[in-house]
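Below is one structure; the comments refer to it alone.
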Amino acid sequence: MADHSKIYIDGAWVAPKGTGTIDVVNATTEEVIATIPEGTPEDAAAAVAAAKAALAGWRATSLDERAKYVQRLSEGLMARAGEIAESVTAEVGTPAPFSQIAQGSLPWLMSATYAEIANSFPFEEQIDNSLVIREGVGVVACITPWNYPLHQVTAKLAPALVAGCTVVLKPSEVAPLTSYILTEVIDEIGLPAGVFNLVTGTGPVVGEALVTNPDVAMVSFTGSTRAGKRIMELCSQQVKKVALELGGKSPFIILDDAPAEEAVRAGFQSTFQNNGQTCIAWTRFLVPESRKDEFVAAARDVAESYTAMDPAQATDFNAVGPLASKAQQDRVRGYINKGIEEGATLVTGGAEQPEGLDKGFFIQPTVFADVTNDMTIAQEEIFGPVLSIITYSDDDDAVRIANDVDYGLHAGVYSADRDRAIRVARRIEAGQVDINGPQFNIKAPFGGYKQSGLGREYGTYGLEEFLEVKSLQIPLG
């Protein structure tokens, strides 16, 4: 069991400068399961100083050696995948079957992928008399969210290490415990001191101290658009590189030739994934007006096949666990009430605590019909198991509605005609579009248009974010 009372700086577990602490709460029982340090600006400064001191040595380490460290990181995380999944189920409320697949497995798979990519990525290229070199940007501050707490860390950490960067990590204070497991693995594999550092705490204190530190060359952030705007504002003062993976309000266009139940069931695999706490969740179903009643009925049936329950006891993918915090539960309840106030039809679910669950930050699986795209629930990210059904007249109208939001992270299209679905998908303003059900490719670029962020993660695209480009002009001959 990790000692959660310390932070990790310069290759050692150390006591924080301050005495403040933050409770980590089990989302199902509402009991405190751990206490972590409430880090200070002084802690952040010490971590950055360690990362800066380690940078030259890490950059000079061969690419092969850096890749081997990342591979050992993958192996260490794989050995503890079950423990990681259980931790996230407790902290975030992720149902156990999904937690085992996504929360437990993706971190080690992501790390292994970057160990592999390192062997083939073109870090140098000759263009006439110029040698073009790609090298690590420097010290990177990684600030990560609570919904996929370790996956989002490794999606930043693994490419940063391969690139030759050193890292300071500030995980979400809501779900920080898997970052302690990660740090134990890093300590065990002998990563050189200062290459990785962990400071826990809040965004306004530790996060801002990292972002404004002049020795931090880049900030990689995943979280809300509101926080992303603040980070971008602060980074602009130092013309600092920033990568942002922010919110989403993803549409799922079900074309008029699609089988209703099949398409709706596929869509819910995204909508209710991780209890709706997924930035790419398809929370707007766009259905043809001519078949509205059919699709609404199918959505009611599928939503009511999901059961709100203790996520640790879940045995299938039709379980819905609690949200990660009381604040998030209150926020989602507010959106449900707002939907009713603005005239949407509540098909199933609602803002009340699910029957038989006296504790836990639960939300009933909820579906709204008769939603127009100017309603709050159609425009703002809710981050819970809440679906809005919106009708359209034809393909052009569907695309117009899909694009009529501030976000552009993800989308889906379902059709009996694959080529037609692809034509529609090409017109959607989103970084990823899945055809005929949720898909996932760990090597494909991940990120969004508009206010969904800047830059891309995963695969070679994610590695490029952590690199600067240098050109050496060399006389020929």
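Order determines the names: the first chain of the structure tokens is A, the second B, and so forth; residues in each chain are numbered 1 upward, and ligands are numbered 1 upward as they are shown.
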Surrounding residues of Ala421 of chain A excluding itself and chain neighbours under 5 positions, 8 Å, only C-alpha atoms, as an MDAnalysis selection string: chainID A and resid 255 413:415 435
Keeping only C-alpha atoms, write the selected residues as a CSV table (one decimal), in the first residue's frame.
```csv
chain,number,residue,atom,x,y,z
A,255,LEU,CA,-29.4,7.9,-40.5
A,413,VAL,CA,-22.7,7.9,-37.6
A,414,TYR,CA,-24.9,4.8,-38.0
A,415,SER,CA,-26.3,3.7,-41.4
A,435,ILE,CA,-18.9,4.5,-38.0
```
Tell me, counting only C-alpha atoms, for each residue of segment 23-81 of chain A within 12 Å of segment 121-130 of chain A, which pair of atoms is nearest and how far apart they are in Å to one decimal, in rows ordered by chain and increasing number, as JSON lines.
```
{"residue": "A:Leu63", "atom": "CA", "partner": "A:Phe123", "partner_atom": "CA", "distance": 9.6}
{"residue": "A:Asp64", "atom": "CA", "partner": "A:Phe121", "partner_atom": "CA", "distance": 11.8}
{"residue": "A:Ala67", "atom": "CA", "partner": "A:Phe121", "partner_atom": "CA", "distance": 11.6}
```
Residues at most 8 Å from Gly20 of chain A, counting only C-alpha atoms, excluding those fewer than 4 positions away in the same chain, as a count of residues only? 3
Per residue of segment 144-205 of chain A within 8 Å of segment 310-327 of chain A, note the shortest atom pair and the distance in Å to one decimal, counting only C-alpha atoms, and order the rows by chain and increasing residue number, as CSV.
```
residue,atom,partner,partner_atom,distance
A:Trp146,CA,A:Ala324,CA,7.9
A:Asn147,CA,A:Ala324,CA,7.7
A:Val174,CA,A:Ala324,CA,7.4
```
Store the residues picked out above, limited to all heavy atoms, as a PDB file, in the first residue's frame.
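Dumped everything to result28.pdb:
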```
ATOM      1  N   TRP A 146     -10.031  13.283 -13.611  1.00  0.00           N
ATOM      2  CA  TRP A 146     -10.402  12.167 -12.736  1.00  0.00           C
ATOM      3  C   TRP A 146     -11.153  11.055 -13.440  1.00  0.00           C
ATOM      4  O   TRP A 146     -11.281   9.964 -12.895  1.00  0.00           O
ATOM      5  CB  TRP A 146     -11.245  12.664 -11.556  1.00  0.00           C
ATOM      6  CG  TRP A 146     -12.392  13.573 -11.905  1.00  0.00           C
ATOM      7  CD1 TRP A 146     -12.412  14.935 -11.790  1.00  0.00           C
ATOM      8  CD2 TRP A 146     -13.679  13.209 -12.411  1.00  0.00           C
ATOM      9  NE1 TRP A 146     -13.624  15.443 -12.202  1.00  0.00           N
ATOM     10  CE2 TRP A 146     -14.426  14.400 -12.581  1.00  0.00           C
ATOM     11  CE3 TRP A 146     -14.282  11.993 -12.737  1.00  0.00           C
ATOM     12  CZ2 TRP A 146     -15.736  14.411 -13.068  1.00  0.00           C
ATOM     13  CZ3 TRP A 146     -15.587  11.994 -13.222  1.00  0.00           C
ATOM     14  CH2 TRP A 146     -16.297  13.195 -13.382  1.00  0.00           C
ATOM     15  N   ASN A 147     -11.655  11.254 -14.648  1.00  0.00           N
ATOM     16  CA  ASN A 147     -12.559  10.246 -15.210  1.00  0.00           C
ATOM     17  C   ASN A 147     -11.835   9.006 -15.736  1.00  0.00           C
ATOM     18  O   ASN A 147     -12.360   7.889 -15.621  1.00  0.00           O
ATOM     19  CB  ASN A 147     -13.438  10.865 -16.299  1.00  0.00           C
ATOM     20  CG  ASN A 147     -12.651  11.458 -17.447  1.00  0.00           C
ATOM     21  OD1 ASN A 147     -11.531  11.940 -17.280  1.00  0.00           O
ATOM     22  ND2 ASN A 147     -13.239  11.433 -18.627  1.00  0.00           N
ATOM     23  N   VAL A 174      -9.466  14.463  -7.120  1.00  0.00           N
ATOM     24  CA  VAL A 174     -10.641  13.606  -6.919  1.00  0.00           C
ATOM     25  C   VAL A 174     -10.265  12.134  -7.021  1.00  0.00           C
ATOM     26  O   VAL A 174     -10.782  11.299  -6.280  1.00  0.00           O
ATOM     27  CB  VAL A 174     -11.740  13.960  -7.947  1.00  0.00           C
ATOM     28  CG1 VAL A 174     -12.919  12.988  -7.846  1.00  0.00           C
ATOM     29  CG2 VAL A 174     -12.216  15.395  -7.741  1.00  0.00           C
TER      30      VAL A 174
END
```
**Study point:** Shell of 10 Å around Thr29 of chain A, only C-alpha atoms, local chain residues under 6 positions omitted, as a PyMOL selection string
**Key:** chain A and resi 90+310+322+358-361
Generate a file of the selected residues that holds N, CA and C atoms, formatted as an mmCIF file, in the first residue's frame.
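Produced file out-v2.cif, reproduced below:
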```
data_model
loop_
_atom_site.group_PDB
_atom_site.id
_atom_site.type_symbol
_atom_site.label_atom_id
_atom_site.label_comp_id
_atom_site.auth_asym_id
_atom_site.auth_seq_id
_atom_site.Cartn_x
_atom_site.Cartn_y
_atom_site.Cartn_z
ATOM 1 N N ALA A 90 -13.438 2.402 -7.128
ATOM 2 C CA ALA A 90 -13.737 3.039 -5.837
ATOM 3 C C ALA A 90 -13.780 4.557 -5.967
ATOM 4 N N ASP A 310 -23.938 -0.716 -7.169
ATOM 5 C CA ASP A 310 -22.562 -0.700 -6.676
ATOM 6 C C ASP A 310 -21.646 -1.161 -7.797
ATOM 7 N N PRO A 322 -21.925 5.142 -9.612
ATOM 8 C CA PRO A 322 -22.103 6.536 -9.201
ATOM 9 C C PRO A 322 -21.193 7.465 -9.979
ATOM 10 N N ASP A 358 -29.402 4.452 -1.070
ATOM 11 C CA ASP A 358 -29.453 5.587 -0.145
ATOM 12 C C ASP A 358 -28.154 6.382 -0.122
ATOM 13 N N LYS A 359 -27.035 5.717 -0.403
ATOM 14 C CA LYS A 359 -25.733 6.369 -0.424
ATOM 15 C C LYS A 359 -25.145 6.287 -1.827
ATOM 16 N N GLY A 360 -24.115 7.079 -2.030
ATOM 17 C CA GLY A 360 -23.432 7.068 -3.320
ATOM 18 C C GLY A 360 -23.907 8.203 -4.203
ATOM 19 N N PHE A 361 -23.023 8.639 -5.093
ATOM 20 C CA PHE A 361 -23.307 9.803 -5.933
ATOM 21 C C PHE A 361 -23.972 9.365 -7.243
#
```
Checklist entry - Which of these residues is nearest to Tyr180 of chain A, using only C-alpha atoms: A:Glu465, A:Glu30, A:Asp370, A:Asp3? => result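 Closest to Tyr180 of chain A of all the choices is A:Asp3.
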When DSSP is applied to the backbone of this structure, which of segment 176-348 of chain A are assigned strand (DSSP E or B)? Write them out as an mmCIF file with N, CA, C and O atoms, in the first residue's frame.
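Contents of selection.cif, freshly written:
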```cif
data_model
loop_
_atom_site.group_PDB
_atom_site.id
_atom_site.type_symbol
_atom_site.label_atom_id
_atom_site.label_comp_id
_atom_site.auth_asym_id
_atom_site.auth_seq_id
_atom_site.Cartn_x
_atom_site.Cartn_y
_atom_site.Cartn_z
ATOM 1 N N PHE A 196 10.807 12.052 -13.528
ATOM 2 C CA PHE A 196 9.368 12.072 -13.228
ATOM 3 C C PHE A 196 9.176 12.544 -11.794
ATOM 4 O O PHE A 196 9.880 12.111 -10.879
ATOM 5 N N ASN A 197 8.205 13.426 -11.614
ATOM 6 C CA ASN A 197 7.902 13.969 -10.293
ATOM 7 C C ASN A 197 6.388 14.053 -10.119
ATOM 8 O O ASN A 197 5.657 14.356 -11.073
ATOM 9 N N LEU A 198 5.922 13.797 -8.904
ATOM 10 C CA LEU A 198 4.487 13.802 -8.591
ATOM 11 C C LEU A 198 4.204 14.808 -7.485
ATOM 12 O O LEU A 198 4.793 14.730 -6.403
ATOM 13 N N MET A 218 6.345 23.298 -21.455
ATOM 14 C CA MET A 218 5.088 22.888 -22.076
ATOM 15 C C MET A 218 4.123 22.421 -21.004
ATOM 16 O O MET A 218 4.513 21.822 -20.001
ATOM 17 N N VAL A 219 2.844 22.697 -21.234
ATOM 18 C CA VAL A 219 1.777 22.187 -20.375
ATOM 19 C C VAL A 219 0.890 21.285 -21.212
ATOM 20 O O VAL A 219 0.422 21.677 -22.291
ATOM 21 N N SER A 220 0.662 20.074 -20.730
ATOM 22 C CA SER A 220 -0.273 19.150 -21.366
ATOM 23 C C SER A 220 -1.426 18.933 -20.390
ATOM 24 O O SER A 220 -1.237 18.398 -19.299
ATOM 25 N N PHE A 221 -2.610 19.359 -20.781
ATOM 26 C CA PHE A 221 -3.766 19.371 -19.883
ATOM 27 C C PHE A 221 -4.942 18.635 -20.489
ATOM 28 O O PHE A 221 -5.252 18.802 -21.670
ATOM 29 N N THR A 222 -5.604 17.840 -19.672
ATOM 30 C CA THR A 222 -6.892 17.261 -20.031
ATOM 31 C C THR A 222 -7.883 17.621 -18.935
ATOM 32 O O THR A 222 -7.607 17.413 -17.744
ATOM 33 N N LYS A 241 4.342 26.504 -24.929
ATOM 34 C CA LYS A 241 3.616 25.482 -25.678
ATOM 35 C C LYS A 241 2.561 24.836 -24.791
ATOM 36 O O LYS A 241 2.810 24.537 -23.614
ATOM 37 N N VAL A 242 1.392 24.607 -25.366
ATOM 38 C CA VAL A 242 0.303 24.022 -24.588
ATOM 39 C C VAL A 242 -0.467 23.032 -25.456
ATOM 40 O O VAL A 242 -0.683 23.260 -26.650
ATOM 41 N N ALA A 243 -0.831 21.902 -24.876
ATOM 42 C CA ALA A 243 -1.701 20.917 -25.525
ATOM 43 C C ALA A 243 -2.918 20.753 -24.635
ATOM 44 O O ALA A 243 -2.795 20.533 -23.423
ATOM 45 N N LEU A 244 -4.093 20.884 -25.216
ATOM 46 C CA LEU A 244 -5.340 20.871 -24.447
ATOM 47 C C LEU A 244 -6.299 19.830 -25.007
ATOM 48 O O LEU A 244 -6.630 19.864 -26.200
ATOM 49 N N GLU A 245 -6.738 18.916 -24.163
ATOM 50 C CA GLU A 245 -7.813 17.979 -24.529
ATOM 51 C C GLU A 245 -8.966 18.305 -23.598
ATOM 52 O O GLU A 245 -8.913 18.017 -22.405
ATOM 53 N N SER A 250 -20.827 15.414 -27.973
ATOM 54 C CA SER A 250 -20.703 14.642 -29.206
ATOM 55 C C SER A 250 -22.043 14.173 -29.762
ATOM 56 O O SER A 250 -22.862 13.609 -29.030
ATOM 57 N N PRO A 251 -22.251 14.375 -31.082
ATOM 58 C CA PRO A 251 -23.471 13.913 -31.734
ATOM 59 C C PRO A 251 -23.342 12.480 -32.237
ATOM 60 O O PRO A 251 -22.248 12.039 -32.619
ATOM 61 N N PHE A 252 -24.461 11.787 -32.247
ATOM 62 C CA PHE A 252 -24.542 10.463 -32.863
ATOM 63 C C PHE A 252 -25.661 10.538 -33.884
ATOM 64 O O PHE A 252 -26.843 10.564 -33.519
ATOM 65 N N ILE A 253 -25.287 10.635 -35.156
ATOM 66 C CA ILE A 253 -26.274 10.744 -36.228
ATOM 67 C C ILE A 253 -26.717 9.345 -36.652
ATOM 68 O O ILE A 253 -25.915 8.566 -37.175
ATOM 69 N N ILE A 254 -27.968 9.054 -36.415
ATOM 70 C CA ILE A 254 -28.539 7.784 -36.867
ATOM 71 C C ILE A 254 -29.319 8.075 -38.141
ATOM 72 O O ILE A 254 -30.350 8.766 -38.111
ATOM 73 N N TRP A 282 -21.401 10.059 -26.686
ATOM 74 C CA TRP A 282 -22.418 10.555 -27.621
ATOM 75 C C TRP A 282 -23.660 10.925 -26.801
ATOM 76 O O TRP A 282 -24.512 10.077 -26.517
ATOM 77 N N THR A 283 -23.773 12.179 -26.449
ATOM 78 C CA THR A 283 -24.865 12.616 -25.581
ATOM 79 C C THR A 283 -26.005 13.259 -26.351
ATOM 80 O O THR A 283 -27.014 13.635 -25.759
ATOM 81 N N ARG A 284 -25.825 13.417 -27.670
ATOM 82 C CA ARG A 284 -26.918 13.907 -28.528
ATOM 83 C C ARG A 284 -27.190 12.864 -29.605
ATOM 84 O O ARG A 284 -26.346 12.651 -30.481
ATOM 85 N N PHE A 285 -28.337 12.202 -29.535
ATOM 86 C CA PHE A 285 -28.756 11.299 -30.609
ATOM 87 C C PHE A 285 -29.559 12.123 -31.606
ATOM 88 O O PHE A 285 -30.599 12.703 -31.257
ATOM 89 N N LEU A 286 -29.083 12.186 -32.835
ATOM 90 C CA LEU A 286 -29.803 12.884 -33.896
ATOM 91 C C LEU A 286 -30.529 11.838 -34.733
ATOM 92 O O LEU A 286 -29.891 10.994 -35.380
ATOM 93 N N VAL A 287 -31.863 11.869 -34.688
ATOM 94 C CA VAL A 287 -32.678 10.828 -35.329
ATOM 95 C C VAL A 287 -33.617 11.468 -36.334
ATOM 96 O O VAL A 287 -34.006 12.626 -36.190
ATOM 97 N N PRO A 288 -33.998 10.716 -37.394
ATOM 98 C CA PRO A 288 -34.891 11.289 -38.408
ATOM 99 C C PRO A 288 -36.276 11.576 -37.830
ATOM 100 O O PRO A 288 -36.843 10.758 -37.108
ATOM 101 N N THR A 307 -28.854 -0.653 -15.067
ATOM 102 C CA THR A 307 -29.187 -0.656 -13.647
ATOM 103 C C THR A 307 -28.161 0.130 -12.862
ATOM 104 O O THR A 307 -26.957 -0.142 -12.952
ATOM 105 N N ALA A 308 -28.630 1.095 -12.068
ATOM 106 C CA ALA A 308 -27.735 1.816 -11.160
ATOM 107 C C ALA A 308 -27.421 0.906 -9.979
ATOM 108 O O ALA A 308 -28.330 0.391 -9.320
ATOM 109 N N ALA A 319 -24.446 -2.033 -16.229
ATOM 110 C CA ALA A 319 -24.430 -1.419 -14.906
ATOM 111 C C ALA A 319 -24.045 0.049 -15.035
ATOM 112 O O ALA A 319 -23.210 0.416 -15.860
ATOM 113 N N VAL A 320 -24.659 0.874 -14.195
ATOM 114 C CA VAL A 320 -24.290 2.284 -14.093
ATOM 115 C C VAL A 320 -23.902 2.542 -12.643
ATOM 116 O O VAL A 320 -24.708 2.338 -11.730
ATOM 117 N N THR A 345 -38.901 16.677 -23.034
ATOM 118 C CA THR A 345 -39.736 15.612 -22.476
ATOM 119 C C THR A 345 -38.862 14.585 -21.776
ATOM 120 O O THR A 345 -37.978 13.989 -22.403
ATOM 121 N N LEU A 346 -39.100 14.374 -20.488
ATOM 122 C CA LEU A 346 -38.357 13.353 -19.741
ATOM 123 C C LEU A 346 -38.939 11.994 -20.075
ATOM 124 O O LEU A 346 -40.065 11.667 -19.677
ATOM 125 N N VAL A 347 -38.193 11.194 -20.809
ATOM 126 C CA VAL A 347 -38.663 9.874 -21.258
ATOM 127 C C VAL A 347 -38.490 8.837 -20.159
ATOM 128 O O VAL A 347 -39.367 8.015 -19.902
ATOM 129 N N THR A 348 -37.352 8.867 -19.495
ATOM 130 C CA THR A 348 -37.077 7.951 -18.386
ATOM 131 C C THR A 348 -35.973 8.545 -17.532
ATOM 132 O O THR A 348 -35.209 9.379 -17.987
#
```
Contact residues around Leu210 of chain A with only C-alpha atoms at 8 Å, ignoring same-chain residues under 5 positions, as a short mmCIF file (atom, residue, chain, number, x, y, z; two decimals) with C-alpha atoms, in the first residue's frame:
```
data_model
loop_
_atom_site.label_atom_id
_atom_site.label_comp_id
_atom_site.auth_asym_id
_atom_site.auth_seq_id
_atom_site.Cartn_x
_atom_site.Cartn_y
_atom_site.Cartn_z
CA PRO A 41 3.52 26.36 -4.85
CA ALA A 44 5.55 22.60 -7.43
CA ALA A 45 8.70 24.72 -7.66
CA VAL A 48 10.12 21.67 -11.56
CA ALA A 141 3.76 19.84 -16.67
CA VAL A 216 8.19 24.59 -17.60
#
```
>> When you look at segment 60-62 of chain A with a cut-off of 8 Å (counting only C-alpha atoms), what residues show up, excluding the ones that are within fewer than 4 positions of it in the same chain? I need them as a ChimeraX atom specification.
In response: /A:56,66,164
I want to know what sits within 6 Å of Gly247 of chain A, based on only C-alpha atoms, with residues of the same chain fewer than 2 positions away left out; could you give that as a list in words?
Ser224, Thr225, Cys279 and Ser452 of chain A
Expected file: the selected residues, all heavy atoms, as a PDB file, in the first residue's frame:
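Contents of the output file again.pdb:
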```pdb
ATOM      1  N   SER A 224     -11.695  20.291 -18.177  1.00  0.00           N
ATOM      2  CA  SER A 224     -12.805  21.115 -18.647  1.00  0.00           C
ATOM      3  C   SER A 224     -12.317  22.224 -19.566  1.00  0.00           C
ATOM      4  O   SER A 224     -11.171  22.688 -19.480  1.00  0.00           O
ATOM      5  CB  SER A 224     -13.539  21.724 -17.457  1.00  0.00           C
ATOM      6  OG  SER A 224     -12.755  22.720 -16.833  1.00  0.00           O
ATOM      7  N   THR A 225     -13.217  22.672 -20.426  1.00  0.00           N
ATOM      8  CA  THR A 225     -12.890  23.782 -21.314  1.00  0.00           C
ATOM      9  C   THR A 225     -12.636  25.057 -20.510  1.00  0.00           C
ATOM     10  O   THR A 225     -11.760  25.854 -20.846  1.00  0.00           O
ATOM     11  CB  THR A 225     -14.025  23.999 -22.327  1.00  0.00           C
ATOM     12  OG1 THR A 225     -14.123  22.824 -23.151  1.00  0.00           O
ATOM     13  CG2 THR A 225     -13.765  25.196 -23.221  1.00  0.00           C
ATOM     14  N   CYS A 279     -15.481  12.189 -21.990  1.00  0.00           N
ATOM     15  CA  CYS A 279     -15.537  13.406 -22.803  1.00  0.00           C
ATOM     16  C   CYS A 279     -16.037  13.138 -24.213  1.00  0.00           C
ATOM     17  O   CYS A 279     -16.563  14.041 -24.862  1.00  0.00           O
ATOM     18  CB  CYS A 279     -14.173  14.081 -22.831  1.00  0.00           C
ATOM     19  SG  CYS A 279     -12.836  13.026 -23.408  1.00  0.00           S
ATOM     20  N   SER A 452     -12.937  22.097 -28.129  1.00  0.00           N
ATOM     21  CA  SER A 452     -12.552  20.793 -27.580  1.00  0.00           C
ATOM     22  C   SER A 452     -11.048  20.660 -27.413  1.00  0.00           C
ATOM     23  O   SER A 452     -10.583  19.647 -26.896  1.00  0.00           O
ATOM     24  CB  SER A 452     -13.084  19.656 -28.463  1.00  0.00           C
ATOM     25  OG  SER A 452     -14.480  19.496 -28.269  1.00  0.00           O
TER      26      SER A 452
END
```
- Could you tell me which of A:Asn441, A:Thr35, A:Thr376, A:Gln329 comes closest to Val92 of chain A if we count only C-alpha atoms?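 Residue with the minimum atom-to-atom distance to Val92 of chain A: A:Gln329.
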> DSSP says alpha helix (DSSP H) for which residues of segment 22-178 of chain A? Put them as a ChimeraX atom specification?
Replying inline: /A:41-60,63-79,81-92,96-98,106-117,151-163,177-178
Counting only C-alpha atoms, the residue of A:Asp406, A:Glu83, A:Asp394, A:Glu457 that sits nearest Pro445 of chain A: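 Checking each of A:Asp406, A:Glu83, A:Asp394, A:Glu457 against Pro445 of chain A, counting only C-alpha atoms, the winner is A:Glu457.
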- Query: For the atom pair atom CA of Gln473 of chain A and atom CA of Val239 of chain A, what is the interatomic distance in Å to one decimal place?
  - Reply: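 Answer for the atom CA of Gln473 of chain A to atom CA of Val239 of chain A separation: 26.1 Å.
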From the list A:Thr113, A:Lys292, A:Tyr8, A:Ile280, the nearest residue to Pro438 of chain A using only C-alpha atoms is A:Ile280
_For a test of reading the model, state the distance in Å between atom CA of Thr94 of chain A and atom CA of Glu352 of chain A, rounded to one decimal._
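If I compute the distance from atom CA of Thr94 of chain A to atom CA of Glu352 of chain A, I get 20.2 Å.
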